[in-house]
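Below you'll find the structure, written out as structure tokens, and then a few comments.
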Amino acid sequence: MPNTDYQSRLEFALDAAEQAQGLILKYYQNQDLAIDSKKDNTPVTEADRGAELLIRELLEKSFPEDGILGEEFPEKPGKNQFRWILDPIDGTKSFVHGVPLFGCLIGLEEIGENDERHCVVGVCRFPALDEVVYAAKGSGAWWKIKGNEPIPARCSTNSNLSDACFCTTNVARWEQLGLSKPYNTLCNGVQLTRGWGDCFGHMLVATGRADIMVDPVLSEWDAAALLPILEEAGGHFIDRDGKATIYSKNGMSVTAAMKDQLLQIINDK
């Protein structure tokens, strides 16, 4: 039976992401959009900040004792076992270039005994596409396109690397981390390599449209919503060591059939 805590928070996250979509689209492809640079030289806009503030305000009303970790503002400690992890616009570079492959990510982490942490709810909404992929632990993963009814989100069952679609966000990161050999092996071994990056690439895996998505560098707010979606879709979200975690500063989405092949390739340096 579905966990009622997870379900109520999933319903909240779906509504909050839809409200954030409306705010974000007011800035999308706006020629007057102001773009600032953060300390790590990544871009941030009024849309990023505004969407996170909106979600935080909604959380304060609905779940005031839950903790909040977001990309743009300081962490709010919680008073219970739940912590929300927010990335208001994942793929800000796509957003500022007017490319629709950016998403609003809302993840929920449950903290257990001995500080064990599990991501139990994930929502990934693509404002410019009006699509959402979402999951709660034990309830499956779902994909909703515009006003249509949700359909199950399921990973591909393809087991042949030569038939696979491989996605990544930033090729330069592979070179910087000494991963050029695995990158070339994947590019030469798969049927199709594409730069459909950020959360969009991961959701392509969750919905069966790609088989492998690798981000050599990833923060926890980039990953928290992805892990439960991939697992409920029948796949994996793992680090380069094969661990299902959001805290390794890297992340890979992969189908069950290709997990072992990917780990072998990625660790052959």
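If you're wondering about the labels, chains in the structure tokens are A, B, ... by order shown, residues count from 1 in each chain, ligands from 1 in order shown.
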If you count only C-alpha atoms, which residues fall within 9 Å of Lys79 in chain A, apart from same-chain ones fewer than 5 positions away, as a PyMOL selection string? chain A and resi 64-67
Kindly export the residues of the current selection with N, CA and C atoms, as a compact mmCIF listing (two decimals), in the first residue's frame.
```
# COMPACT_ATOMS: atom_id res chain seq x y z
N PRO A 64 5.45 22.89 7.21
CA PRO A 64 6.37 23.82 7.87
C PRO A 64 7.49 23.15 8.66
N GLU A 65 7.34 21.88 9.03
CA GLU A 65 8.38 21.22 9.82
C GLU A 65 9.39 20.48 8.94
N ASP A 66 9.15 20.40 7.65
CA ASP A 66 10.09 19.74 6.74
C ASP A 66 11.30 20.64 6.49
N GLY A 67 12.47 20.04 6.35
CA GLY A 67 13.66 20.78 5.98
C GLY A 67 13.68 21.10 4.50
```
Residues near Gly147 in chain A, cut-off 12 Å, only C-alpha atoms, skip fewer than 4 positions along chain, as a list in words: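 The filter keeps Leu129, Asp130, Glu131, Val132, Trp143 and Ile151 of chain A.
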Dump of all heavy atoms for the selected residues, as a PDB file, in the first residue's frame:
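To be explicit, this is the file written out as part-v2.pdb:
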```pdb
ATOM      1  N   LEU A 129       8.065  22.620 -22.256  1.00  0.00           N
ATOM      2  CA  LEU A 129       7.453  21.494 -22.965  1.00  0.00           C
ATOM      3  C   LEU A 129       6.101  21.118 -22.390  1.00  0.00           C
ATOM      4  O   LEU A 129       5.348  20.361 -23.010  1.00  0.00           O
ATOM      5  CB  LEU A 129       8.378  20.264 -22.893  1.00  0.00           C
ATOM      6  CG  LEU A 129       9.787  20.436 -23.460  1.00  0.00           C
ATOM      7  CD1 LEU A 129      10.609  19.174 -23.210  1.00  0.00           C
ATOM      8  CD2 LEU A 129       9.731  20.751 -24.950  1.00  0.00           C
ATOM      9  N   ASP A 130       5.803  21.639 -21.186  1.00  0.00           N
ATOM     10  CA  ASP A 130       4.589  21.277 -20.454  1.00  0.00           C
ATOM     11  C   ASP A 130       4.489  19.766 -20.277  1.00  0.00           C
ATOM     12  O   ASP A 130       3.464  19.145 -20.562  1.00  0.00           O
ATOM     13  CB  ASP A 130       3.339  21.827 -21.140  1.00  0.00           C
ATOM     14  CG  ASP A 130       2.121  21.836 -20.209  1.00  0.00           C
ATOM     15  OD1 ASP A 130       2.304  21.678 -18.988  1.00  0.00           O
ATOM     16  OD2 ASP A 130       0.990  21.989 -20.713  1.00  0.00           O
ATOM     17  N   GLU A 131       5.586  19.186 -19.808  1.00  0.00           N
ATOM     18  CA  GLU A 131       5.654  17.758 -19.503  1.00  0.00           C
ATOM     19  C   GLU A 131       6.170  17.583 -18.079  1.00  0.00           C
ATOM     20  O   GLU A 131       6.920  18.427 -17.574  1.00  0.00           O
ATOM     21  CB  GLU A 131       6.595  17.017 -20.459  1.00  0.00           C
ATOM     22  CG  GLU A 131       6.128  16.963 -21.886  1.00  0.00           C
ATOM     23  CD  GLU A 131       7.030  16.068 -22.742  1.00  0.00           C
ATOM     24  OE1 GLU A 131       7.718  15.192 -22.163  1.00  0.00           O
ATOM     25  OE2 GLU A 131       7.047  16.251 -23.964  1.00  0.00           O
ATOM     26  N   VAL A 132       5.798  16.471 -17.459  1.00  0.00           N
ATOM     27  CA  VAL A 132       6.299  16.165 -16.123  1.00  0.00           C
ATOM     28  C   VAL A 132       6.492  14.662 -15.994  1.00  0.00           C
ATOM     29  O   VAL A 132       5.698  13.873 -16.501  1.00  0.00           O
ATOM     30  CB  VAL A 132       5.340  16.701 -15.030  1.00  0.00           C
ATOM     31  CG1 VAL A 132       3.961  16.062 -15.119  1.00  0.00           C
ATOM     32  CG2 VAL A 132       5.934  16.503 -13.639  1.00  0.00           C
ATOM     33  N   TRP A 143       4.541   9.616 -16.427  1.00  0.00           N
ATOM     34  CA  TRP A 143       4.925  10.630 -17.426  1.00  0.00           C
ATOM     35  C   TRP A 143       3.646  11.262 -17.957  1.00  0.00           C
ATOM     36  O   TRP A 143       2.775  10.577 -18.496  1.00  0.00           O
ATOM     37  CB  TRP A 143       5.719   9.941 -18.525  1.00  0.00           C
ATOM     38  CG  TRP A 143       6.169  10.800 -19.658  1.00  0.00           C
ATOM     39  CD1 TRP A 143       6.312  12.153 -19.700  1.00  0.00           C
ATOM     40  CD2 TRP A 143       6.590  10.319 -20.950  1.00  0.00           C
ATOM     41  NE1 TRP A 143       6.783  12.553 -20.919  1.00  0.00           N
ATOM     42  CE2 TRP A 143       6.976  11.453 -21.700  1.00  0.00           C
ATOM     43  CE3 TRP A 143       6.691   9.047 -21.524  1.00  0.00           C
ATOM     44  CZ2 TRP A 143       7.430  11.338 -23.008  1.00  0.00           C
ATOM     45  CZ3 TRP A 143       7.145   8.939 -22.829  1.00  0.00           C
ATOM     46  CH2 TRP A 143       7.510  10.078 -23.557  1.00  0.00           C
ATOM     47  N   ILE A 151       0.894   8.391 -18.153  1.00  0.00           N
ATOM     48  CA  ILE A 151       1.182   7.028 -18.575  1.00  0.00           C
ATOM     49  C   ILE A 151       2.405   6.544 -17.799  1.00  0.00           C
ATOM     50  O   ILE A 151       3.204   7.352 -17.319  1.00  0.00           O
ATOM     51  CB  ILE A 151       1.447   6.937 -20.096  1.00  0.00           C
ATOM     52  CG1 ILE A 151       2.646   7.816 -20.498  1.00  0.00           C
ATOM     53  CG2 ILE A 151       0.204   7.332 -20.879  1.00  0.00           C
ATOM     54  CD1 ILE A 151       3.054   7.670 -21.949  1.00  0.00           C
TER      55      ILE A 151
END
```
Please report as JSON lines every residue of range 136-202 of chain A lying within 8 Å of range 227-232 of chain A, along with the nearest atom pair and their distance in Å (one decimal), using only C-alpha atoms.
```
{"residue": "A:Ala136", "atom": "CA", "partner": "A:Pro228", "partner_atom": "CA", "distance": 6.7}
{"residue": "A:Lys137", "atom": "CA", "partner": "A:Pro228", "partner_atom": "CA", "distance": 6.4}
{"residue": "A:Gly138", "atom": "CA", "partner": "A:Glu232", "partner_atom": "CA", "distance": 7.2}
{"residue": "A:Ser139", "atom": "CA", "partner": "A:Glu232", "partner_atom": "CA", "distance": 7.4}
{"residue": "A:Gly140", "atom": "CA", "partner": "A:Glu232", "partner_atom": "CA", "distance": 4.8}
{"residue": "A:Ala141", "atom": "CA", "partner": "A:Glu232", "partner_atom": "CA", "distance": 5.1}
{"residue": "A:Cys155", "atom": "CA", "partner": "A:Leu230", "partner_atom": "CA", "distance": 7.8}
```
With C-alpha atoms retained, could you export that selection as an mmCIF file, in the first residue's frame?
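And here's result-v1.cif as it stands now:
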```cif
data_model
loop_
_atom_site.group_PDB
_atom_site.id
_atom_site.type_symbol
_atom_site.label_atom_id
_atom_site.label_comp_id
_atom_site.auth_asym_id
_atom_site.auth_seq_id
_atom_site.Cartn_x
_atom_site.Cartn_y
_atom_site.Cartn_z
ATOM 1 C CA ALA A 136 6.990 8.164 -5.203
ATOM 2 C CA LYS A 137 8.678 5.129 -3.712
ATOM 3 C CA GLY A 138 6.463 2.077 -4.164
ATOM 4 C CA SER A 139 3.999 3.802 -6.517
ATOM 5 C CA GLY A 140 5.735 3.569 -9.880
ATOM 6 C CA ALA A 141 6.950 6.322 -12.195
ATOM 7 C CA CYS A 155 13.068 2.284 -18.918
#
```
Sorted by chain and rising residue number, list the residues of range 189-223 of chain A at most 12 Å from range 256-267 of chain A (counting only C-alpha atoms), each with its closest atom pair and distance in Å to one decimal, as JSON lines.
```
{"residue": "A:Gly189", "atom": "CA", "partner": "A:Ile265", "partner_atom": "CA", "distance": 10.2}
{"residue": "A:Val190", "atom": "CA", "partner": "A:Leu262", "partner_atom": "CA", "distance": 11.2}
{"residue": "A:Val205", "atom": "CA", "partner": "A:Ala256", "partner_atom": "CA", "distance": 10.6}
{"residue": "A:Ala206", "atom": "CA", "partner": "A:Ala256", "partner_atom": "CA", "distance": 11.0}
{"residue": "A:Gly208", "atom": "CA", "partner": "A:Ala256", "partner_atom": "CA", "distance": 11.5}
{"residue": "A:Ala210", "atom": "CA", "partner": "A:Met258", "partner_atom": "CA", "distance": 11.4}
{"residue": "A:Asp211", "atom": "CA", "partner": "A:Met258", "partner_atom": "CA", "distance": 7.6}
{"residue": "A:Ile212", "atom": "CA", "partner": "A:Met258", "partner_atom": "CA", "distance": 7.9}
{"residue": "A:Met213", "atom": "CA", "partner": "A:Leu262", "partner_atom": "CA", "distance": 10.0}
{"residue": "A:Val214", "atom": "CA", "partner": "A:Ile266", "partner_atom": "CA", "distance": 9.5}
{"residue": "A:Asp215", "atom": "CA", "partner": "A:Ile266", "partner_atom": "CA", "distance": 11.4}
{"residue": "A:Pro216", "atom": "CA", "partner": "A:Ile266", "partner_atom": "CA", "distance": 10.1}
```
Students should find that CA of Gly70 in chain A and CA of Pro43 in chain A are spaced 15.5 Å
From the options A:Lys181, A:Arg209, A:His202, A:Gln29, which residue's atoms come nearest to Ile238 in chain A, counting only C-alpha atoms?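 Of A:Lys181, A:Arg209, A:His202, A:Gln29, the one nearest Ile238 in chain A is A:His202, counting only C-alpha atoms.
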For Gly251 in chain A, find every residue with an atom within 12 Å (counting only C-alpha atoms), except residues of its own chain fewer than 3 positions away, and show them as a ChimeraX atom specification. /A:168-169,198-199,201-202,212-224,226-227,230,236-248,254,263,266
Extract the full set of helix (DSSP H, G or I) residues from range 38-212 of chain A according to DSSP on the backbone, and format it as JSON, numbers by chain. {"A": [46, 47, 48, 49, 50, 51, 52, 53, 54, 55, 56, 57, 58, 59, 60, 61, 62, 92, 93, 94, 95, 96, 113, 114, 115, 161, 162, 163, 171, 172, 173, 174, 175, 176, 180, 181, 182, 183, 184, 185, 186, 187, 188, 189, 198, 199, 200, 201, 202, 203, 204, 205, 206]}
Nearby residues (only C-alpha atoms) at most 12 Å from Gly112 in chain A, same-chain spacing under 5 positions excluded, as number ranges by chain: A: 80-83, 117-120
Only C-alpha atoms, please: the residues just picked out, written as a short mmCIF file (atom, residue, chain, number, x, y, z; two decimals), in the first residue's frame.
```
data_model
loop_
_atom_site.label_atom_id
_atom_site.label_comp_id
_atom_site.auth_asym_id
_atom_site.auth_seq_id
_atom_site.Cartn_x
_atom_site.Cartn_y
_atom_site.Cartn_z
CA ASN A 80 11.13 15.82 11.28
CA GLN A 81 12.53 13.12 9.00
CA PHE A 82 11.78 14.86 5.69
CA ARG A 83 13.99 17.23 3.70
CA ARG A 117 19.06 9.00 3.75
CA HIS A 118 16.69 7.81 1.03
CA CYS A 119 15.19 9.80 -1.84
CA VAL A 120 11.52 8.82 -1.84
#
```
